[in-house]
file start_18.txt (compact mmCIF, C-alpha atoms)
# COMPACT_ATOMS: atom_id res chain seq x y z
CA ALA A 1 -80.66 -162.27 -127.72
CA GLN A 2 -79.45 -160.10 -130.54
CA SER A 3 -80.50 -161.30 -133.96
CA VAL A 4 -80.49 -160.35 -137.61
CA SER A 5 -83.48 -160.92 -139.86
CA GLN A 6 -83.45 -161.01 -143.61
CA HIS A 7 -86.92 -160.59 -145.02
CA ASN A 8 -86.70 -162.78 -148.08
CA HIS A 9 -85.39 -166.30 -148.29
CA HIS A 10 -85.32 -166.44 -152.09
CA VAL A 11 -85.65 -163.60 -154.60
CA ILE A 12 -85.98 -164.13 -158.35
CA LEU A 13 -85.41 -161.21 -160.72
CA SER A 14 -84.86 -160.64 -164.39
CA GLU A 15 -81.72 -158.91 -165.59
CA ALA A 16 -81.86 -155.11 -165.35
CA ALA A 17 -84.46 -155.22 -162.58
CA SER A 18 -83.80 -153.26 -159.41
CA LEU A 19 -82.91 -155.07 -156.23
CA GLU A 20 -83.62 -154.37 -152.61
CA LEU A 21 -82.87 -156.94 -149.92
CA GLY A 22 -84.14 -156.23 -146.46
CA CYS A 23 -82.16 -156.60 -143.24
CA ASN A 24 -83.23 -155.75 -139.72
CA TYR A 25 -81.36 -156.25 -136.47
CA SER A 26 -82.54 -156.37 -132.90
CA TYR A 27 -80.24 -154.23 -130.78
CA GLY A 28 -80.70 -150.66 -129.63
CA GLY A 29 -77.10 -149.66 -129.19
CA THR A 30 -74.18 -148.98 -131.49
CA VAL A 31 -73.61 -151.52 -134.23
CA ASN A 32 -71.35 -152.10 -137.19
CA LEU A 33 -73.16 -153.47 -140.22
CA PHE A 34 -72.04 -155.63 -143.12
CA TRP A 35 -73.30 -157.26 -146.27
CA TYR A 36 -71.50 -160.33 -147.54
CA VAL A 37 -72.04 -162.22 -150.78
CA GLN A 38 -71.39 -165.88 -151.45
CA TYR A 39 -71.28 -166.82 -155.13
CA PRO A 40 -71.92 -170.46 -155.97
CA GLY A 41 -68.93 -172.54 -154.91
CA GLN A 42 -67.02 -169.55 -153.60
CA HIS A 43 -66.20 -168.08 -150.23
CA LEU A 44 -67.91 -165.21 -148.46
CA GLN A 45 -66.87 -161.83 -149.81
CA LEU A 46 -67.44 -158.45 -148.23
CA LEU A 47 -69.75 -156.26 -150.32
CA LEU A 48 -69.85 -153.24 -148.05
CA LYS A 49 -69.74 -152.16 -144.42
CA TYR A 50 -71.01 -149.36 -142.24
CA PHE A 51 -69.22 -148.16 -139.12
CA SER A 52 -70.23 -144.51 -138.81
CA GLY A 53 -70.80 -141.36 -140.83
CA ASP A 54 -72.86 -141.18 -144.01
CA PRO A 55 -75.63 -143.76 -143.63
CA LEU A 56 -75.61 -144.42 -147.38
CA VAL A 57 -72.73 -146.78 -148.04
CA LYS A 58 -71.42 -147.72 -151.46
CA GLY A 59 -69.77 -151.06 -151.99
CA ILE A 60 -68.31 -153.12 -154.76
CA LYS A 61 -70.05 -154.14 -157.99
CA GLY A 62 -72.57 -151.29 -157.86
CA PHE A 63 -74.17 -152.28 -154.57
CA GLU A 64 -75.16 -149.80 -151.89
CA ALA A 65 -76.88 -150.00 -148.54
CA GLU A 66 -78.65 -147.51 -146.33
CA PHE A 67 -78.49 -147.56 -142.55
CA ILE A 68 -81.72 -146.31 -140.98
CA LYS A 69 -81.12 -146.27 -137.25
CA SER A 70 -84.74 -145.55 -136.33
CA LYS A 71 -85.86 -148.64 -138.21
CA PHE A 72 -82.91 -150.85 -137.17
CA SER A 73 -82.46 -151.58 -140.86
CA PHE A 74 -79.61 -151.90 -143.32
CA ASN A 75 -81.17 -152.71 -146.68
CA LEU A 76 -79.05 -153.63 -149.69
CA ARG A 77 -79.83 -152.13 -153.08
CA LYS A 78 -78.68 -152.29 -156.68
CA PRO A 79 -80.36 -150.32 -159.47
CA SER A 80 -79.90 -152.93 -162.18
CA VAL A 81 -78.95 -156.55 -161.50
CA GLN A 82 -76.98 -158.80 -163.79
CA TRP A 83 -77.03 -162.57 -164.20
CA SER A 84 -73.62 -162.61 -162.48
CA ASP A 85 -75.23 -161.26 -159.29
CA THR A 86 -76.82 -164.66 -158.73
CA ALA A 87 -75.58 -165.58 -155.27
CA GLU A 88 -76.51 -165.78 -151.62
CA TYR A 89 -76.44 -162.53 -149.68
CA PHE A 90 -75.87 -162.29 -145.95
CA CYS A 91 -76.44 -159.33 -143.68
CA ALA A 92 -74.33 -159.27 -140.50
CA VAL A 93 -73.93 -157.15 -137.42
CA ILE A 94 -71.20 -156.57 -134.86
CA ILE A 95 -72.46 -155.29 -131.54
CA TYR A 96 -70.17 -152.52 -130.35
CA ASN A 97 -68.23 -153.38 -127.20
CA GLN A 98 -69.38 -156.99 -127.24
CA GLY A 99 -66.39 -158.41 -128.99
CA GLY A 100 -65.85 -158.83 -132.67
CA LYS A 101 -68.28 -161.62 -133.48
CA LEU A 102 -70.40 -161.25 -136.55
CA ILE A 103 -74.07 -162.10 -136.10
CA PHE A 104 -75.41 -163.24 -139.47
CA GLY A 105 -78.87 -163.30 -140.89
CA GLN A 106 -80.13 -166.50 -142.47
CA GLY A 107 -79.28 -165.30 -145.96
CA THR A 108 -81.22 -164.39 -149.10
CA GLU A 109 -80.72 -166.42 -152.23
CA LEU A 110 -80.86 -164.21 -155.31
CA SER A 111 -81.50 -165.78 -158.71
CA VAL A 112 -81.20 -163.49 -161.73
CA LYS A 113 -82.74 -164.75 -164.96
CA PRO A 114 -80.95 -163.75 -168.17
CA ASP B 1 -51.09 -161.18 -151.51
CA ALA B 2 -52.36 -164.47 -150.12
CA GLY B 3 -55.84 -164.47 -148.65
CA VAL B 4 -57.05 -166.51 -145.72
CA THR B 5 -56.10 -170.12 -146.33
CA GLN B 6 -57.81 -173.08 -144.77
CA SER B 7 -56.91 -176.73 -144.80
CA PRO B 8 -58.07 -179.24 -145.63
CA THR B 9 -60.75 -178.19 -148.10
CA HIS B 10 -62.82 -181.30 -147.60
CA LEU B 11 -62.88 -183.91 -144.88
CA ILE B 12 -64.91 -186.99 -144.12
CA LYS B 13 -64.93 -188.35 -140.58
CA THR B 14 -66.81 -191.01 -138.68
CA ARG B 15 -69.00 -190.28 -135.68
CA GLY B 16 -66.97 -190.21 -132.46
CA GLN B 17 -63.73 -189.24 -134.16
CA GLN B 18 -61.81 -186.04 -133.62
CA VAL B 19 -60.92 -183.46 -136.28
CA THR B 20 -58.48 -180.55 -136.52
CA LEU B 21 -59.03 -177.74 -138.99
CA ARG B 22 -56.34 -175.20 -139.80
CA CYS B 23 -56.36 -171.55 -140.78
CA SER B 24 -53.61 -169.19 -141.89
CA PRO B 25 -54.64 -165.55 -141.74
CA ILE B 26 -53.66 -162.81 -144.12
CA SER B 27 -50.15 -161.61 -143.37
CA GLY B 28 -50.27 -158.94 -140.67
CA HIS B 29 -53.71 -159.93 -139.42
CA LYS B 30 -53.69 -160.69 -135.71
CA SER B 31 -57.29 -161.77 -135.25
CA VAL B 32 -58.81 -165.07 -136.33
CA SER B 33 -62.42 -166.08 -135.95
CA TRP B 34 -64.15 -169.38 -136.64
CA TYR B 35 -67.70 -169.86 -137.91
CA GLN B 36 -69.88 -172.86 -138.67
CA GLN B 37 -72.19 -172.66 -141.69
CA VAL B 38 -74.84 -175.31 -141.98
CA LEU B 39 -76.49 -175.65 -145.38
CA GLY B 40 -79.22 -173.07 -145.87
CA GLN B 41 -78.25 -170.95 -142.87
CA GLY B 42 -75.99 -168.04 -142.09
CA PRO B 43 -72.63 -168.65 -140.45
CA GLN B 44 -72.67 -169.09 -136.67
CA PHE B 45 -69.85 -167.70 -134.54
CA ILE B 46 -67.71 -170.30 -132.75
CA PHE B 47 -64.54 -168.56 -131.51
CA GLN B 48 -62.50 -165.43 -131.86
CA TYR B 49 -58.80 -165.12 -131.05
CA TYR B 50 -56.81 -161.92 -130.99
CA GLU B 51 -53.12 -161.81 -130.22
CA LYS B 52 -53.29 -165.48 -129.18
CA GLU B 53 -55.95 -164.89 -126.55
CA GLU B 54 -59.54 -166.04 -126.76
CA ARG B 55 -61.75 -162.98 -127.15
CA GLY B 56 -65.09 -164.63 -127.60
CA ARG B 57 -66.87 -167.96 -127.67
CA GLY B 58 -70.18 -168.76 -129.26
CA ASN B 59 -72.88 -171.13 -128.11
CA PHE B 60 -71.09 -174.36 -128.95
CA PRO B 61 -70.40 -177.35 -126.68
CA ASP B 62 -67.05 -177.97 -125.02
CA ARG B 63 -66.27 -180.51 -127.71
CA PHE B 64 -65.24 -177.48 -129.76
CA SER B 65 -61.90 -175.87 -128.90
CA ALA B 66 -59.41 -173.66 -130.68
CA ARG B 67 -56.07 -172.01 -130.27
CA GLN B 68 -53.94 -169.40 -131.99
CA PHE B 69 -50.23 -169.76 -132.48
CA PRO B 70 -47.44 -167.14 -132.25
CA ASN B 71 -47.53 -166.74 -136.04
CA TYR B 72 -51.30 -165.99 -135.71
CA SER B 73 -52.38 -169.15 -137.48
CA SER B 74 -55.14 -171.05 -135.77
CA GLU B 75 -56.58 -174.52 -135.28
CA LEU B 76 -60.14 -175.54 -134.55
CA ASN B 77 -60.59 -178.91 -132.87
CA VAL B 78 -63.80 -180.82 -132.58
CA ASN B 79 -63.94 -183.97 -130.45
CA ALA B 80 -66.47 -186.78 -130.39
CA LEU B 81 -67.95 -185.80 -133.74
CA LEU B 82 -71.70 -185.98 -134.23
CA LEU B 83 -73.63 -186.14 -137.48
CA GLY B 84 -74.85 -182.62 -136.74
CA ASP B 85 -71.31 -181.29 -136.88
CA SER B 86 -71.39 -181.72 -140.64
CA ALA B 87 -71.00 -178.20 -142.01
CA LEU B 88 -68.75 -175.73 -143.73
CA TYR B 89 -66.26 -174.32 -141.22
CA LEU B 90 -65.09 -170.84 -142.04
CA CYS B 91 -62.13 -168.90 -140.78
CA ALA B 92 -61.99 -165.11 -140.95
CA SER B 93 -59.01 -162.87 -140.29
CA SER B 94 -58.69 -159.19 -139.51
CA PRO B 95 -55.90 -156.78 -138.63
CA GLU B 96 -57.66 -155.99 -135.37
CA ALA B 97 -60.50 -157.47 -133.36
CA TYR B 98 -63.10 -157.57 -136.11
CA GLY B 99 -63.20 -160.48 -138.55
CA TYR B 100 -63.64 -159.30 -142.09
CA THR B 101 -61.96 -161.54 -144.66
CA PHE B 102 -63.13 -165.11 -144.96
CA GLY B 103 -61.35 -168.17 -146.24
CA SER B 104 -62.96 -170.70 -148.56
CA GLY B 105 -63.74 -173.00 -145.68
CA THR B 106 -63.38 -176.65 -144.81
CA ARG B 107 -66.32 -178.86 -145.72
CA LEU B 108 -66.65 -181.43 -142.95
CA THR B 109 -68.87 -184.44 -143.47
CA VAL B 110 -69.52 -186.75 -140.52
CA VAL B 111 -70.82 -190.19 -141.41

call {"tool": "encode", "arguments": {"input": "start_18.txt", "output": "structure tokens"}}
result
Amino acid sequence: AQSVSQHNHHVILSEAASLELGCNYSYGGTVNLFWYVQYPGQHLQLLLKYFSGDPLVKGIKGFEAEFIKSKFSFNLRKPSVQWSDTAEYFCAVIIYNQGGKLIFGQGTELSVKP
Amino acid sequence: DAGVTQSPTHLIKTRGQQVTLRCSPISGHKSVSWYQQVLGQGPQFIFQYYEKEERGRGNFPDRFSARQFPNYSSELNVNALLLGDSALYLCASSPEAYGYTFGSGTRLTVV
């Protein structure tokens, strides 16, 4: 079965540190890729998405992600985190031609210390 | 511009009861999807509807059902509630077949 793996369950960083959250998926065909963020007490919000084209995708709030097809990865990065980035981050995949369901990873909780 | 709205926001039910959750998509969005998010896990796909037809169903028992109305709003029904059905139920809407924008969810507690 197709799945999405997020490498870290909980990441703790100090403000201004760089962030990289890992995401791997298990499917060899065409996929659409997403990163969502869930701030405490709030709903899921789309950070960025990749459908095709440039594998380096820029999203909101200074986040970016790189799609590496050979590694089945879509890692999320931010050069300098802020306390307000404290949230849970979810990687998700849509398998092309298998309907529109999002397959989510288990999430990575990010805590940024001021 | 109103986002995806879900009602109610919180709900407490007793085991064995039935519950109906409601979702109004963003205006112009024809697709609605439902997800279940258990604490500490990523959302799990339950159903997708597009143009009032079921487009996909996740690995959930038949106690779970849904429908989409002509105005593209949707209801999720769960019968014979179990303690394990306690979760945050999320609705997502999209202009086409891919669910992008999520509502704030309905927190269901089964006691």

call {"tool": "closest_residue", "arguments": {"input": "start_18.txt", "among": "B:Thr109, B:Asn79, B:Gln44, B:Ser73", "to": "chain A", "atoms": "all atoms listed in the file"}}
result
B:Gln44

call {"tool": "closest_residue", "arguments": {"input": "start_18.txt", "among": "B:Gly3, B:Arg107, B:Leu82, B:Phe64", "to": "Ile26 of chain B", "atoms": "all atoms listed in the file"}}
result
B:Gly3

call {"tool": "interface_residues", "arguments": {"input": "start_18.txt", "of": "chain A", "to": "chain B", "cutoff": "7 Å", "atoms": "all atoms listed in the file", "output": "list of chain:residue names"}}
result
A:Gln42, A:His43, A:Leu44, A:Gln45, A:Phe90, A:Gly99, A:Gly100, A:Lys101, A:Leu102, A:Phe104, A:Gly105, A:Gln106, A:Gly107

call {"tool": "atom_distance", "arguments": {"input": "start_18.txt", "atom1": "atom CA of Ile95 of chain A", "atom2": "atom CA of Ser5 of chain A"}}
result
14.9 Å

call {"tool": "residues_around", "arguments": {"input": "start_18.txt", "residues": "Phe34 of chain A", "least_positions_apart": "4", "cutoff": "8 Å", "atoms": "all atoms listed in the file", "output": "ChimeraX atom specification"}}
result
/A:46-50,91-93

call {"tool": "residues_near_point", "arguments": {"input": "start_18.txt", "point": "(-65.0, -191.7, -128.6)", "cutoff": "10 Å", "atoms": "all atoms listed in the file", "output": "PDB file with C-alpha atoms, in the frame of the given file"}}
result
ATOM      1  CA  ARG B  15     -69.000-190.280-135.680  1.00  0.00           C
ATOM      2  CA  GLY B  16     -66.970-190.210-132.460  1.00  0.00           C
ATOM      3  CA  GLN B  17     -63.730-189.240-134.160  1.00  0.00           C
ATOM      4  CA  GLN B  18     -61.810-186.040-133.620  1.00  0.00           C
ATOM      5  CA  ASN B  79     -63.940-183.970-130.450  1.00  0.00           C
ATOM      6  CA  ALA B  80     -66.470-186.780-130.390  1.00  0.00           C
ATOM      7  CA  LEU B  81     -67.950-185.800-133.740  1.00  0.00           C
TER       8      LEU B  81
END

call {"tool": "residues_around", "arguments": {"input": "start_18.txt", "residues": "segment 69-73 of chain A", "least_positions_apart": "6", "cutoff": "8 Å", "atoms": "all atoms listed in the file", "output": "PyMOL selection string"}}
result
chain A and resi 22-28

call {"tool": "axis_aligned_box", "arguments": {"input": "start_18.txt", "around": "segment 21-38 of chain B", "padding_each_side": "5 Å", "output": "AutoDock Vina command-line options"}}
result
--center_x -62.5 --center_y -168.3 --center_z -139.7 --size_x 34.7 --size_y 28.8 --size_z 18.9

call {"tool": "atom_distance", "arguments": {"input": "start_18.txt", "atom1": "atom CA of Ile68 of chain A", "atom2": "atom CA of Ser18 of chain A"}}
result
19.8 Å

call {"tool": "build_atoms", "arguments": {"input": "start_18.txt", "residues": "segment 10-21 of chain B", "atoms": "all heavy atoms", "output": "PDB file, in the coordinates of the input"}}
result
ATOM      1  N   HIS B  10     -61.738-180.355-147.858  1.00  0.00           N
ATOM      2  CA  HIS B  10     -62.820-181.300-147.600  1.00  0.00           C
ATOM      3  C   HIS B  10     -62.312-182.382-146.653  1.00  0.00           C
ATOM      4  O   HIS B  10     -61.127-182.734-146.679  1.00  0.00           O
ATOM      5  CB  HIS B  10     -63.293-181.987-148.897  1.00  0.00           C
ATOM      6  CG  HIS B  10     -63.946-181.051-149.860  1.00  0.00           C
ATOM      7  ND1 HIS B  10     -63.229-180.285-150.739  1.00  0.00           N
ATOM      8  CD2 HIS B  10     -65.255-180.773-150.086  1.00  0.00           C
ATOM      9  CE1 HIS B  10     -64.053-179.567-151.474  1.00  0.00           C
ATOM     10  NE2 HIS B  10     -65.290-179.842-151.102  1.00  0.00           N
ATOM     11  N   LEU B  11     -63.250-182.925-145.872  1.00  0.00           N
ATOM     12  CA  LEU B  11     -62.880-183.910-144.880  1.00  0.00           C
ATOM     13  C   LEU B  11     -64.083-184.788-144.581  1.00  0.00           C
ATOM     14  O   LEU B  11     -65.205-184.278-144.421  1.00  0.00           O
ATOM     15  CB  LEU B  11     -62.442-183.182-143.604  1.00  0.00           C
ATOM     16  CG  LEU B  11     -61.550-183.832-142.571  1.00  0.00           C
ATOM     17  CD1 LEU B  11     -60.303-184.407-143.204  1.00  0.00           C
ATOM     18  CD2 LEU B  11     -61.181-182.797-141.520  1.00  0.00           C
ATOM     19  N   ILE B  12     -63.851-186.073-144.527  1.00  0.00           N
ATOM     20  CA  ILE B  12     -64.910-186.990-144.120  1.00  0.00           C
ATOM     21  C   ILE B  12     -64.443-187.737-142.884  1.00  0.00           C
ATOM     22  O   ILE B  12     -63.351-188.311-142.879  1.00  0.00           O
ATOM     23  CB  ILE B  12     -65.258-187.996-145.241  1.00  0.00           C
ATOM     24  CG1 ILE B  12     -65.750-187.256-146.478  1.00  0.00           C
ATOM     25  CG2 ILE B  12     -66.321-188.993-144.753  1.00  0.00           C
ATOM     26  CD1 ILE B  12     -65.995-188.161-147.681  1.00  0.00           C
ATOM     27  N   LYS B  13     -65.266-187.701-141.844  1.00  0.00           N
ATOM     28  CA  LYS B  13     -64.930-188.350-140.580  1.00  0.00           C
ATOM     29  C   LYS B  13     -66.099-189.206-140.133  1.00  0.00           C
ATOM     30  O   LYS B  13     -67.246-188.998-140.551  1.00  0.00           O
ATOM     31  CB  LYS B  13     -64.628-187.303-139.504  1.00  0.00           C
ATOM     32  CG  LYS B  13     -63.302-186.554-139.701  1.00  0.00           C
ATOM     33  CD  LYS B  13     -62.140-187.446-139.343  1.00  0.00           C
ATOM     34  CE  LYS B  13     -60.843-186.679-139.310  1.00  0.00           C
ATOM     35  NZ  LYS B  13     -59.698-187.560-138.898  1.00  0.00           N
ATOM     36  N   THR B  14     -65.796-190.123-139.239  1.00  0.00           N
ATOM     37  CA  THR B  14     -66.810-191.010-138.680  1.00  0.00           C
ATOM     38  C   THR B  14     -67.255-190.462-137.321  1.00  0.00           C
ATOM     39  O   THR B  14     -66.459-189.834-136.606  1.00  0.00           O
ATOM     40  CB  THR B  14     -66.237-192.424-138.515  1.00  0.00           C
ATOM     41  OG1 THR B  14     -65.752-192.864-139.785  1.00  0.00           O
ATOM     42  CG2 THR B  14     -67.274-193.387-137.986  1.00  0.00           C
ATOM     43  N   ARG B  15     -68.497-190.697-136.980  1.00  0.00           N
ATOM     44  CA  ARG B  15     -69.000-190.280-135.680  1.00  0.00           C
ATOM     45  C   ARG B  15     -68.072-190.746-134.561  1.00  0.00           C
ATOM     46  O   ARG B  15     -67.569-191.872-134.585  1.00  0.00           O
ATOM     47  CB  ARG B  15     -70.383-190.882-135.428  1.00  0.00           C
ATOM     48  CG  ARG B  15     -71.522-190.103-136.030  1.00  0.00           C
ATOM     49  CD  ARG B  15     -72.838-190.780-135.767  1.00  0.00           C
ATOM     50  NE  ARG B  15     -72.919-192.105-136.379  1.00  0.00           N
ATOM     51  CZ  ARG B  15     -73.921-192.948-136.218  1.00  0.00           C
ATOM     52  NH1 ARG B  15     -74.937-192.612-135.435  1.00  0.00           N
ATOM     53  NH2 ARG B  15     -73.926-194.110-136.809  1.00  0.00           N
ATOM     54  N   GLY B  16     -67.824-189.878-133.589  1.00  0.00           N
ATOM     55  CA  GLY B  16     -66.970-190.210-132.460  1.00  0.00           C
ATOM     56  C   GLY B  16     -65.517-189.830-132.665  1.00  0.00           C
ATOM     57  O   GLY B  16     -64.761-189.751-131.684  1.00  0.00           O
ATOM     58  N   GLN B  17     -65.128-189.603-133.913  1.00  0.00           N
ATOM     59  CA  GLN B  17     -63.730-189.240-134.160  1.00  0.00           C
ATOM     60  C   GLN B  17     -63.488-187.767-133.800  1.00  0.00           C
ATOM     61  O   GLN B  17     -64.401-187.011-133.454  1.00  0.00           O
ATOM     62  CB  GLN B  17     -63.390-189.458-135.646  1.00  0.00           C
ATOM     63  CG  GLN B  17     -63.190-190.913-136.020  1.00  0.00           C
ATOM     64  CD  GLN B  17     -62.643-191.053-137.434  1.00  0.00           C
ATOM     65  OE1 GLN B  17     -63.120-190.418-138.385  1.00  0.00           O
ATOM     66  NE2 GLN B  17     -61.636-191.913-137.590  1.00  0.00           N
ATOM     67  N   GLN B  18     -62.229-187.404-133.896  1.00  0.00           N
ATOM     68  CA  GLN B  18     -61.810-186.040-133.620  1.00  0.00           C
ATOM     69  C   GLN B  18     -61.261-185.432-134.919  1.00  0.00           C
ATOM     70  O   GLN B  18     -60.751-186.138-135.787  1.00  0.00           O
ATOM     71  CB  GLN B  18     -60.711-186.052-132.541  1.00  0.00           C
ATOM     72  CG  GLN B  18     -60.100-184.710-132.229  1.00  0.00           C
ATOM     73  CD  GLN B  18     -58.795-184.476-132.966  1.00  0.00           C
ATOM     74  OE1 GLN B  18     -58.163-185.417-133.436  1.00  0.00           O
ATOM     75  NE2 GLN B  18     -58.400-183.233-133.102  1.00  0.00           N
ATOM     76  N   VAL B  19     -61.389-184.112-135.061  1.00  0.00           N
ATOM     77  CA  VAL B  19     -60.920-183.460-136.280  1.00  0.00           C
ATOM     78  C   VAL B  19     -60.205-182.153-135.904  1.00  0.00           C
ATOM     79  O   VAL B  19     -60.561-181.495-134.913  1.00  0.00           O
ATOM     80  CB  VAL B  19     -62.086-183.174-137.241  1.00  0.00           C
ATOM     81  CG1 VAL B  19     -63.035-182.120-136.685  1.00  0.00           C
ATOM     82  CG2 VAL B  19     -61.580-182.762-138.612  1.00  0.00           C
ATOM     83  N   THR B  20     -59.196-181.825-136.685  1.00  0.00           N
ATOM     84  CA  THR B  20     -58.480-180.550-136.520  1.00  0.00           C
ATOM     85  C   THR B  20     -58.486-179.802-137.842  1.00  0.00           C
ATOM     86  O   THR B  20     -58.088-180.355-138.873  1.00  0.00           O
ATOM     87  CB  THR B  20     -57.024-180.776-136.074  1.00  0.00           C
ATOM     88  OG1 THR B  20     -57.016-181.422-134.796  1.00  0.00           O
ATOM     89  CG2 THR B  20     -56.290-179.437-135.966  1.00  0.00           C
ATOM     90  N   LEU B  21     -58.984-178.602-137.811  1.00  0.00           N
ATOM     91  CA  LEU B  21     -59.030-177.740-138.990  1.00  0.00           C
ATOM     92  C   LEU B  21     -58.026-176.613-138.797  1.00  0.00           C
ATOM     93  O   LEU B  21     -57.856-176.113-137.676  1.00  0.00           O
ATOM     94  CB  LEU B  21     -60.440-177.170-139.171  1.00  0.00           C
ATOM     95  CG  LEU B  21     -61.594-178.171-139.108  1.00  0.00           C
ATOM     96  CD1 LEU B  21     -62.920-177.463-139.327  1.00  0.00           C
ATOM     97  CD2 LEU B  21     -61.400-179.295-140.111  1.00  0.00           C
TER      98      LEU B  21
END
